[in-house]
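Here's query16.cif, which has mmCIF, C-alpha atoms, pLDDT in the B column; chains and numbers go by the auth columns:
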data_model
loop_
_atom_site.group_PDB
_atom_site.id
_atom_site.type_symbol
_atom_site.label_atom_id
_atom_site.label_comp_id
_atom_site.label_asym_id
_atom_site.label_seq_id
_atom_site.Cartn_x
_atom_site.Cartn_y
_atom_site.Cartn_z
_atom_site.B_iso_or_equiv
_atom_site.auth_seq_id
_atom_site.auth_asym_id
ATOM 1 C CA MET A 1 47.509 54.663 14.274 55.00 13 A
ATOM 2 C CA ASN A 2 44.694 55.861 12.060 66.00 14 A
ATOM 3 C CA ARG A 3 47.004 55.798 9.031 66.00 15 A
ATOM 4 C CA ILE A 4 48.016 52.170 9.719 65.00 16 A
ATOM 5 C CA HIS A 5 44.352 51.175 10.002 60.00 17 A
ATOM 6 C CA THR A 6 43.576 52.891 6.684 65.00 18 A
ATOM 7 C CA LEU A 7 46.506 51.157 4.941 59.00 19 A
ATOM 8 C CA SER A 8 45.467 47.734 6.247 68.00 20 A
ATOM 9 C CA MET A 9 41.876 48.334 5.118 69.00 21 A
ATOM 10 C CA ARG A 10 43.118 49.295 1.625 71.00 22 A
ATOM 11 C CA ALA A 11 45.251 46.166 1.495 68.00 23 A
ATOM 12 C CA ALA A 12 42.283 44.042 2.536 66.00 24 A
ATOM 13 C CA PHE A 13 40.076 45.572 -0.178 64.00 25 A
ATOM 14 C CA LEU A 14 42.788 45.070 -2.807 67.00 26 A
ATOM 15 C CA LEU A 15 43.192 41.453 -1.754 65.00 27 A
ATOM 16 C CA LEU A 16 39.438 40.854 -1.904 63.00 28 A
ATOM 17 C CA GLY A 17 39.276 42.541 -5.302 66.00 29 A
ATOM 18 C CA ALA A 18 42.084 40.355 -6.620 62.00 30 A
ATOM 19 C CA LEU A 19 40.380 37.224 -5.344 62.00 31 A
ATOM 20 C CA GLY A 20 37.087 38.276 -6.895 61.00 32 A
ATOM 21 C CA ALA A 21 38.721 39.051 -10.234 56.00 33 A
ATOM 22 C CA GLY A 22 40.497 35.714 -10.187 56.00 34 A
ATOM 23 C CA SER A 23 37.247 33.845 -9.728 55.00 35 A
ATOM 24 C CA ALA A 24 35.679 35.781 -12.597 55.00 36 A
ATOM 25 C CA PHE A 25 38.318 34.350 -14.944 63.00 37 A
ATOM 26 C CA ALA A 26 38.123 30.816 -13.558 67.00 38 A
ATOM 27 C CA ALA A 27 37.378 28.034 -15.997 74.00 39 A
ATOM 28 C CA PRO A 28 33.724 26.984 -16.193 79.00 40 A
ATOM 29 C CA PRO A 29 32.871 23.718 -14.481 80.00 41 A
ATOM 30 C CA LYS A 30 33.336 20.612 -16.569 83.00 42 A
ATOM 31 C CA PRO A 31 30.098 18.981 -17.676 84.00 43 A
ATOM 32 C CA ILE A 32 29.337 15.571 -16.244 81.00 44 A
ATOM 33 C CA GLN A 33 28.403 12.895 -18.743 81.00 45 A
ATOM 34 C CA LEU A 34 26.627 9.990 -17.074 72.00 46 A
ATOM 35 C CA PRO A 35 26.720 6.595 -18.756 77.00 47 A
ATOM 36 C CA GLY A 36 23.576 5.316 -20.380 77.00 48 A
ATOM 37 C CA GLU A 37 21.266 2.811 -18.752 76.00 49 A
ATOM 38 C CA THR A 38 22.788 -0.643 -19.166 82.00 50 A
ATOM 39 C CA VAL A 39 20.471 -2.812 -17.081 84.00 51 A
ATOM 40 C CA LYS A 40 16.966 -3.599 -18.303 90.00 52 A
ATOM 41 C CA LEU A 41 14.066 -5.027 -16.343 92.00 53 A
ATOM 42 C CA LYS A 42 13.531 -8.741 -16.823 94.00 54 A
ATOM 43 C CA PRO A 43 10.685 -9.098 -19.350 94.00 55 A
ATOM 44 C CA SER A 44 7.500 -10.770 -18.157 94.00 56 A
ATOM 45 C CA ASN A 45 3.861 -11.192 -19.117 93.00 57 A
ATOM 46 C CA LEU A 46 2.900 -10.228 -15.561 94.00 58 A
ATOM 47 C CA PRO A 47 1.175 -6.815 -15.336 94.00 59 A
ATOM 48 C CA GLY A 48 3.749 -5.653 -12.782 94.00 60 A
ATOM 49 C CA PHE A 49 6.369 -5.598 -15.533 94.00 61 A
ATOM 50 C CA ALA A 50 4.530 -2.845 -17.445 92.00 62 A
ATOM 51 C CA ILE A 51 4.008 -0.877 -14.238 93.00 63 A
ATOM 52 C CA ALA A 52 7.708 -1.214 -13.366 92.00 64 A
ATOM 53 C CA GLN A 53 8.699 0.034 -16.823 90.00 65 A
ATOM 54 C CA GLN A 54 6.384 3.000 -16.532 88.00 66 A
ATOM 55 C CA LYS A 55 6.841 4.074 -12.936 88.00 67 A
ATOM 56 C CA CYS A 56 9.950 2.614 -11.287 87.00 68 A
ATOM 57 C CA ALA A 57 12.339 4.449 -13.609 80.00 69 A
ATOM 58 C CA ILE A 58 11.004 7.734 -12.223 81.00 70 A
ATOM 59 C CA GLY A 59 12.934 7.146 -9.006 81.00 71 A
ATOM 60 C CA HIS A 60 15.797 4.799 -9.839 85.00 72 A
ATOM 61 C CA SER A 61 17.467 2.632 -12.443 86.00 73 A
ATOM 62 C CA ALA A 62 16.839 -1.073 -12.924 88.00 74 A
ATOM 63 C CA ASP A 63 20.193 -1.645 -11.174 88.00 75 A
ATOM 64 C CA TYR A 64 18.508 -0.796 -7.889 88.00 76 A
ATOM 65 C CA ILE A 65 16.226 -3.827 -8.211 90.00 77 A
ATOM 66 C CA ALA A 66 19.147 -6.133 -8.930 85.00 78 A
ATOM 67 C CA TYR A 67 20.968 -4.835 -5.821 89.00 79 A
ATOM 68 C CA GLN A 68 18.214 -6.066 -3.496 92.00 80 A
ATOM 69 C CA PRO A 69 18.872 -9.219 -1.459 93.00 81 A
ATOM 70 C CA PRO A 70 18.265 -12.371 -3.506 91.00 82 A
ATOM 71 C CA GLY A 71 15.256 -14.538 -2.730 94.00 83 A
ATOM 72 C CA MET A 72 12.925 -11.787 -1.539 97.00 84 A
ATOM 73 C CA THR A 73 9.321 -13.000 -1.213 97.00 85 A
ATOM 74 C CA VAL A 74 6.138 -11.362 -2.466 97.00 86 A
ATOM 75 C CA THR A 75 5.565 -10.032 1.052 97.00 87 A
ATOM 76 C CA GLN A 76 9.057 -8.520 1.208 97.00 88 A
ATOM 77 C CA TRP A 77 8.808 -6.944 -2.259 97.00 89 A
ATOM 78 C CA THR A 78 5.353 -5.593 -1.424 97.00 90 A
ATOM 79 C CA GLY A 79 6.817 -4.108 1.758 96.00 91 A
ATOM 80 C CA GLU A 80 9.531 -2.403 -0.292 95.00 92 A
ATOM 81 C CA MET A 81 6.927 -0.964 -2.677 95.00 93 A
ATOM 82 C CA THR A 82 4.810 0.270 0.247 96.00 94 A
ATOM 83 C CA LYS A 83 7.888 1.965 1.710 95.00 95 A
ATOM 84 C CA MET A 84 8.581 3.662 -1.613 91.00 96 A
ATOM 85 C CA GLN A 85 4.976 4.824 -1.822 92.00 97 A
ATOM 86 C CA HIS A 86 4.796 6.224 1.718 93.00 98 A
ATOM 87 C CA LEU A 87 8.352 7.407 2.436 91.00 99 A
ATOM 88 C CA TYR A 88 9.567 8.445 -1.002 88.00 100 A
ATOM 89 C CA GLY A 89 6.283 9.459 -2.621 87.00 101 A
ATOM 90 C CA ALA A 90 6.442 6.891 -5.420 88.00 102 A
ATOM 91 C CA PRO A 91 3.395 7.419 -7.645 89.00 103 A
ATOM 92 C CA ILE A 92 2.020 3.898 -7.250 91.00 104 A
ATOM 93 C CA ASP A 93 -1.347 2.911 -5.821 93.00 105 A
ATOM 94 C CA ASP A 94 -2.146 -0.061 -3.600 94.00 106 A
ATOM 95 C CA GLN A 95 -3.243 -2.277 -6.513 95.00 107 A
ATOM 96 C CA GLU A 96 0.009 -1.519 -8.376 95.00 108 A
ATOM 97 C CA ILE A 97 2.008 -2.327 -5.242 95.00 109 A
ATOM 98 C CA LYS A 98 0.523 -5.827 -5.185 96.00 110 A
ATOM 99 C CA LEU A 99 1.165 -6.346 -8.910 96.00 111 A
ATOM 100 C CA LEU A 100 4.734 -5.058 -8.603 96.00 112 A
ATOM 101 C CA GLY A 101 5.349 -7.343 -5.615 96.00 113 A
ATOM 102 C CA VAL A 102 4.251 -10.393 -7.614 96.00 114 A
ATOM 103 C CA TYR A 103 6.332 -9.404 -10.657 96.00 115 A
ATOM 104 C CA LEU A 104 9.450 -8.664 -8.599 96.00 116 A
ATOM 105 C CA ALA A 105 9.202 -11.863 -6.550 97.00 117 A
ATOM 106 C CA ALA A 106 8.625 -13.973 -9.655 96.00 118 A
ATOM 107 C CA SER A 107 11.400 -12.303 -11.660 95.00 119 A
ATOM 108 C CA TYR A 108 14.037 -11.316 -9.072 95.00 120 A
ATOM 109 C CA GLY A 109 13.204 -13.100 -5.854 95.00 121 A
ATOM 110 C CA ASP A 110 11.512 -16.185 -4.495 95.00 122 A
ATOM 111 C CA ALA A 111 9.138 -17.266 -7.279 94.00 123 A
ATOM 112 C CA LYS A 112 7.819 -20.027 -4.985 96.00 124 A
ATOM 113 C CA SER A 113 6.334 -17.345 -2.727 95.00 125 A
ATOM 114 C CA VAL A 114 3.906 -16.342 -5.497 94.00 126 A
ATOM 115 C CA THR A 115 0.665 -18.023 -4.399 93.00 127 A
ATOM 116 C CA ALA A 116 -2.404 -19.069 -6.363 91.00 128 A
ATOM 117 C CA ALA A 117 -4.153 -15.963 -4.997 91.00 129 A
ATOM 118 C CA ASP A 118 -1.309 -13.827 -6.375 91.00 130 A
ATOM 119 C CA GLN A 119 -1.655 -15.551 -9.746 88.00 131 A
ATOM 120 C CA ALA A 120 -5.407 -14.857 -9.702 88.00 132 A
ATOM 121 C CA LEU A 121 -4.743 -11.208 -8.897 87.00 133 A
ATOM 122 C CA THR A 122 -2.497 -10.839 -11.911 86.00 134 A
ATOM 123 C CA ALA A 123 -4.991 -12.666 -14.125 84.00 135 A
ATOM 124 C CA THR A 124 -7.643 -10.038 -13.377 80.00 136 A
ATOM 125 C CA ALA A 125 -5.193 -7.129 -13.438 72.00 137 A
ATOM 126 C CA PRO A 126 -5.430 -6.114 -17.115 57.00 138 A
ATOM 127 C CA ALA A 127 -9.013 -4.967 -16.635 42.00 139 A
ATOM 128 C CA ALA A 128 -8.041 -3.081 -13.467 40.00 140 A
ATOM 129 C CA THR A 129 -4.931 -1.467 -14.917 46.00 141 A
ATOM 130 C CA ALA A 130 -6.436 -0.754 -18.323 40.00 142 A
ATOM 131 C CA GLY A 131 -8.776 1.732 -16.700 39.00 143 A
ATOM 132 C CA ALA A 132 -5.875 3.371 -14.899 44.00 144 A
ATOM 133 C CA THR A 133 -3.648 3.716 -17.935 43.00 145 A
ATOM 134 C CA ALA A 134 -6.475 4.850 -20.158 42.00 146 A
ATOM 135 C CA ALA A 135 -7.875 7.179 -17.515 43.00 147 A
ATOM 136 C CA GLY A 136 -8.346 10.604 -18.925 41.00 148 A
ATOM 137 C CA SER A 137 -8.372 9.488 -22.524 43.00 149 A
ATOM 138 C CA GLN A 138 -11.206 10.814 -24.628 46.00 150 A
ATOM 139 C CA PRO A 139 -14.336 8.719 -24.085 49.00 151 A
ATOM 140 C CA ALA A 140 -16.093 7.357 -27.177 50.00 152 A
ATOM 141 C CA THR A 141 -19.094 9.535 -26.382 55.00 153 A
ATOM 142 C CA GLY A 142 -17.029 12.723 -26.763 59.00 154 A
ATOM 143 C CA GLY A 143 -17.028 13.564 -23.033 66.00 155 A
ATOM 144 C CA ALA A 144 -14.454 15.680 -21.258 73.00 156 A
ATOM 145 C CA ILE A 145 -10.972 14.411 -20.438 73.00 157 A
ATOM 146 C CA ASP A 146 -10.202 13.878 -16.735 74.00 158 A
ATOM 147 C CA VAL A 147 -6.778 15.513 -16.790 74.00 159 A
ATOM 148 C CA GLN A 148 -6.017 14.853 -13.115 75.00 160 A
ATOM 149 C CA ALA A 149 -6.697 11.124 -13.572 74.00 161 A
ATOM 150 C CA LEU A 150 -4.490 11.103 -16.671 72.00 162 A
ATOM 151 C CA LEU A 151 -1.611 12.783 -14.818 74.00 163 A
ATOM 152 C CA ASN A 152 -1.970 10.460 -11.819 70.00 164 A
ATOM 153 C CA ALA A 153 -2.235 7.291 -13.905 69.00 165 A
ATOM 154 C CA ASN A 154 0.919 8.089 -15.842 67.00 166 A
ATOM 155 C CA ALA A 155 3.013 9.343 -12.926 67.00 167 A
ATOM 156 C CA CYS A 156 3.441 12.759 -14.544 76.00 168 A
ATOM 157 C CA LEU A 157 3.223 14.548 -11.209 71.00 169 A
ATOM 158 C CA GLY A 158 6.419 12.870 -10.056 71.00 170 A
ATOM 159 C CA CYS A 159 8.368 15.272 -12.260 76.00 171 A
ATOM 160 C CA TYR A 160 5.928 18.059 -13.198 77.00 172 A
ATOM 161 C CA ALA A 161 3.623 20.398 -11.304 75.00 173 A
ATOM 162 C CA VAL A 162 1.051 22.927 -12.433 76.00 174 A
ATOM 163 C CA ALA A 163 2.674 26.105 -11.133 77.00 175 A
ATOM 164 C CA GLN A 164 6.284 25.280 -10.199 78.00 176 A
ATOM 165 C CA LYS A 165 9.274 23.473 -11.654 78.00 177 A
ATOM 166 C CA ILE A 166 10.073 20.098 -10.086 73.00 178 A
ATOM 167 C CA VAL A 167 12.226 18.121 -12.509 71.00 179 A
ATOM 168 C CA GLY A 168 10.599 19.336 -15.684 71.00 180 A
ATOM 169 C CA PRO A 169 9.021 22.723 -16.315 77.00 181 A
ATOM 170 C CA ALA A 170 5.707 23.736 -14.759 73.00 182 A
ATOM 171 C CA TYR A 171 2.630 23.184 -16.911 75.00 183 A
ATOM 172 C CA HIS A 172 1.872 26.912 -16.706 73.00 184 A
ATOM 173 C CA ASP A 173 5.287 27.699 -18.198 76.00 185 A
ATOM 174 C CA VAL A 174 4.789 25.237 -21.037 71.00 186 A
ATOM 175 C CA ALA A 175 1.312 26.539 -21.828 70.00 187 A
ATOM 176 C CA ALA A 176 2.404 30.197 -21.785 65.00 188 A
#
Could you rewrite the structure in this file as structure tokens?
Amino acid sequence: MNRIHTLSMRAAFLLLGALGAGSAFAAPPKPIQLPGETVKLKPSNLPGFAIAQQKCAIGHSADYIAYQPPGMTVTQWTGEMTKMQHLYGAPIDDQEIKLLGVYLAASYGDAKSVTAADQALTATAPAATAGATAAGSQPATGGAIDVQALLNANACLGCYAVAQKIVGPAYHDVAA
């Protein structure tokens, strides 16, 4: 009985060894080549267009916008942007959400839902967004750069972190 047990254990080890050796000689996985981006955002002079170019591509392609139900209003688009901010961590602030909602409604949805107040918001937006996009740039007086504001304004922290890899390498690894 002991001899049978020993023989079956040897057979099991040989079988496991053969399986392990077979996997060592297996072909490497085939690389996946994804197609290039084919859909572009609809151009616009609205400030939400520049924000969409800069920040929406962090989370999805422009196809995702085109797949949304047609005729969405400013309120519906703003709701979608708020959901992306809160549930998915999209690096957009409340002012950008409003500007994106106006751009998306005007370009992809119900342009009639864009009110005079929305138009006024976009007319004053360049001054508001210029500070955000230029945040952290060297002041004319030679002051220090606000690095955190620069990273936040340009959505860098969506892919990079200081001490750990997210999508790209950690800043510490790059600086080393």
Run through the PyMOL selection byres ((chain A and resi 55-66) around 6) on the given coordinates and return the selected residues as a short mmCIF file (atom, residue, chain, number, x, y, z; two decimals) with C-alpha atoms, in the frame of the given file.
data_model
loop_
_atom_site.label_atom_id
_atom_site.label_comp_id
_atom_site.auth_asym_id
_atom_site.auth_seq_id
_atom_site.Cartn_x
_atom_site.Cartn_y
_atom_site.Cartn_z
CA LYS A 54 13.53 -8.74 -16.82
CA LYS A 67 6.84 4.07 -12.94
CA CYS A 68 9.95 2.61 -11.29
CA LEU A 111 1.16 -6.35 -8.91
CA LEU A 112 4.73 -5.06 -8.60
CA TYR A 115 6.33 -9.40 -10.66
#
Applying 12 Å and all atoms listed in the file, which residues near region 171-182 of chain A remain after dropping the ones on its own chain fewer than 2 positions away? List them as a list in words. Lys67, Ala69, Ile70, Gly71, Gly101, Ala102, Pro103, Val159, Gln160, Leu163, Asn164, Asn166, Ala167, Cys168, Leu169, His184, Asp185, Val186, Ala187 and Ala188 of chain A
Kindly provide, as a PyMOL selection string, the polymer residues lying within 12 Å of (15.4, -3.2, -8.6), counting only C-alpha atoms and using the coordinates exactly as they appear in the file. chain A and resi 51-54+61+64-65+68-69+71-82+84+89+92-93+96+112-113+115-117+119-121
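Using only C-alpha atoms, the smallest distance between any of A:Val86, A:Pro40, A:Val114, A:Gln97 and Ala135 (chain A) comes from A:Val114.
Between CA of Tyr183 (chain A) and CA of Gln107 (chain A) the interatomic distance comes to 28.1 Å.
Take CA of Thr85 (chain A) and CA of Ala123 (chain A): the distance between them is 7.4 Å.
One distance worth recording is that between CA of Ile104 (chain A) and CA of Pro47 (chain A), which is 27.4 Å.
When all atoms listed in the file are used to measure the gap to Gly83 (chain A), the shortest distance among A:Pro41, A:Asp130, A:Ala137, A:Ser125 belongs to A:Ser125.
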Take every atom of region 40-43 of chain A listed in the file, fit an axis-aligned box around them, add 3 Å per side, and give the centre and edge lengths in Å to one decimal as AutoDock Vina command-line options.
--center_x 31.9 --center_y 23.0 --center_z -16.1 --size_x 9.6 --size_y 14.0 --size_z 9.2
Provide region 91-127 of chain A of the preceding structure as a file containing N, CA and C atoms, as a JSON list (two decimals), in the first residue's frame.
[["chain", "number", "residue", "atom", "x", "y", "z"],
["A", 91, "GLY", "N", -25.33, 67.46, -15.68],
["A", 91, "GLY", "CA", -25.51, 66.31, -14.80],
["A", 91, "GLY", "C", -24.52, 65.19, -15.10],
["A", 92, "GLU", "N", -24.29, 64.95, -16.38],
["A", 92, "GLU", "CA", -23.30, 63.93, -16.78],
["A", 92, "GLU", "C", -21.90, 64.31, -16.31],
["A", 93, "MET", "N", -21.56, 65.59, -16.46],
["A", 93, "MET", "CA", -20.23, 66.05, -16.04],
["A", 93, "MET", "C", -20.07, 65.96, -14.51],
["A", 94, "THR", "N", -21.14, 66.29, -13.79],
["A", 94, "THR", "CA", -21.11, 66.19, -12.33],
["A", 94, "THR", "C", -20.92, 64.73, -11.91],
["A", 95, "LYS", "N", -21.60, 63.83, -12.60],
["A", 95, "LYS", "CA", -21.45, 62.40, -12.31],
["A", 95, "LYS", "C", -20.00, 61.97, -12.55],
["A", 96, "MET", "N", -19.42, 62.42, -13.64],
["A", 96, "MET", "CA", -18.03, 62.05, -13.93],
["A", 96, "MET", "C", -17.08, 62.61, -12.88],
["A", 97, "GLN", "N", -17.36, 63.81, -12.41],
["A", 97, "GLN", "CA", -16.53, 64.42, -11.38],
["A", 97, "GLN", "C", -16.62, 63.63, -10.07],
["A", 98, "HIS", "N", -17.84, 63.34, -9.63],
["A", 98, "HIS", "CA", -18.03, 62.72, -8.31],
["A", 98, "HIS", "C", -17.83, 61.21, -8.31],
["A", 99, "LEU", "N", -18.36, 60.51, -9.31],
["A", 99, "LEU", "CA", -18.27, 59.05, -9.30],
["A", 99, "LEU", "C", -16.97, 58.51, -9.90],
["A", 100, "TYR", "N", -16.48, 59.17, -10.93],
["A", 100, "TYR", "CA", -15.31, 58.65, -11.64],
["A", 100, "TYR", "C", -14.04, 59.43, -11.37],
["A", 101, "GLY", "N", -14.15, 60.51, -10.59],
["A", 101, "GLY", "CA", -12.96, 61.28, -10.24],
["A", 101, "GLY", "C", -12.41, 62.12, -11.38],
["A", 102, "ALA", "N", -13.25, 62.50, -12.32],
["A", 102, "ALA", "CA", -12.78, 63.35, -13.43],
["A", 102, "ALA", "C", -12.20, 64.64, -12.87],
["A", 103, "PRO", "N", -11.05, 65.05, -13.35],
["A", 103, "PRO", "CA", -10.38, 66.23, -12.81],
["A", 103, "PRO", "C", -10.95, 67.54, -13.37],
["A", 104, "ILE", "N", -12.22, 67.77, -13.12],
["A", 104, "ILE", "CA", -12.88, 68.99, -13.58],
["A", 104, "ILE", "C", -13.52, 69.67, -12.38],
["A", 105, "ASP", "N", -13.44, 71.00, -12.36],
["A", 105, "ASP", "CA", -14.05, 71.73, -11.24],
["A", 105, "ASP", "C", -15.46, 72.17, -11.63],
["A", 106, "ASP", "N", -16.15, 72.79, -10.69],
["A", 106, "ASP", "CA", -17.55, 73.16, -10.92],
["A", 106, "ASP", "C", -17.72, 74.17, -12.05],
["A", 107, "GLN", "N", -16.80, 75.12, -12.18],
["A", 107, "GLN", "CA", -16.86, 76.09, -13.27],
["A", 107, "GLN", "C", -16.68, 75.38, -14.62],
["A", 108, "GLU", "N", -15.74, 74.44, -14.69],
["A", 108, "GLU", "CA", -15.52, 73.70, -15.93],
["A", 108, "GLU", "C", -16.72, 72.83, -16.28],
["A", 109, "ILE", "N", -17.39, 72.30, -15.27],
["A", 109, "ILE", "CA", -18.60, 71.50, -15.52],
["A", 109, "ILE", "C", -19.63, 72.34, -16.25],
["A", 110, "LYS", "N", -19.85, 73.56, -15.79],
["A", 110, "LYS", "CA", -20.83, 74.44, -16.44],
["A", 110, "LYS", "C", -20.42, 74.75, -17.88],
["A", 111, "LEU", "N", -19.14, 75.05, -18.09],
["A", 111, "LEU", "CA", -18.66, 75.38, -19.43],
["A", 111, "LEU", "C", -18.73, 74.17, -20.36],
["A", 112, "LEU", "N", -18.42, 72.99, -19.83],
["A", 112, "LEU", "CA", -18.53, 71.77, -20.63],
["A", 112, "LEU", "C", -19.99, 71.48, -20.98],
["A", 113, "GLY", "N", -20.90, 71.69, -20.02],
["A", 113, "GLY", "CA", -22.32, 71.47, -20.28],
["A", 113, "GLY", "C", -22.84, 72.35, -21.40],
["A", 114, "VAL", "N", -22.42, 73.61, -21.43],
["A", 114, "VAL", "CA", -22.84, 74.53, -22.49],
["A", 114, "VAL", "C", -22.26, 74.09, -23.83],
["A", 115, "TYR", "N", -20.96, 73.78, -23.85],
["A", 115, "TYR", "CA", -20.33, 73.34, -25.10],
["A", 115, "TYR", "C", -21.00, 72.06, -25.63],
["A", 116, "LEU", "N", -21.20, 71.09, -24.77],
["A", 116, "LEU", "CA", -21.75, 69.81, -25.22],
["A", 116, "LEU", "C", -23.20, 69.94, -25.68],
["A", 117, "ALA", "N", -23.99, 70.76, -24.99],
["A", 117, "ALA", "CA", -25.37, 70.97, -25.43],
["A", 117, "ALA", "C", -25.40, 71.70, -26.77],
["A", 118, "ALA", "N", -24.57, 72.71, -26.91],
["A", 118, "ALA", "CA", -24.55, 73.49, -28.15],
["A", 118, "ALA", "C", -24.02, 72.67, -29.33],
["A", 119, "SER", "N", -23.07, 71.79, -29.07],
["A", 119, "SER", "CA", -22.41, 71.06, -30.16],
["A", 119, "SER", "C", -22.99, 69.67, -30.42],
["A", 120, "TYR", "N", -23.50, 69.01, -29.39],
["A", 120, "TYR", "CA", -23.96, 67.62, -29.54],
["A", 120, "TYR", "C", -25.41, 67.41, -29.13],
["A", 121, "GLY", "N", -26.01, 68.38, -28.49],
["A", 121, "GLY", "CA", -27.34, 68.16, -27.94],
["A", 121, "GLY", "C", -28.34, 69.19, -28.40],
["A", 122, "ASP", "N", -29.11, 69.67, -27.44],
["A", 122, "ASP", "CA", -30.17, 70.64, -27.70],
["A", 122, "ASP", "C", -29.61, 72.05, -27.56],
["A", 123, "ALA", "N", -29.18, 72.64, -28.67],
["A", 123, "ALA", "CA", -28.58, 73.98, -28.65],
["A", 123, "ALA", "C", -29.58, 75.02, -28.16],
["A", 124, "LYS", "N", -30.89, 74.76, -28.32],
["A", 124, "LYS", "CA", -31.91, 75.70, -27.86],
["A", 124, "LYS", "C", -31.96, 75.78, -26.34],
["A", 125, "SER", "N", -31.40, 74.79, -25.65],
["A", 125, "SER", "CA", -31.42, 74.81, -24.19],
["A", 125, "SER", "C", -30.33, 75.72, -23.62],
["A", 126, "VAL", "N", -29.44, 76.21, -24.47],
["A", 126, "VAL", "CA", -28.40, 77.14, -24.02],
["A", 126, "VAL", "C", -29.04, 78.51, -23.87],
["A", 127, "THR", "N", -29.14, 78.99, -22.63],
["A", 127, "THR", "CA", -29.83, 80.24, -22.33],
["A", 127, "THR", "C", -28.91, 81.44, -22.46]]
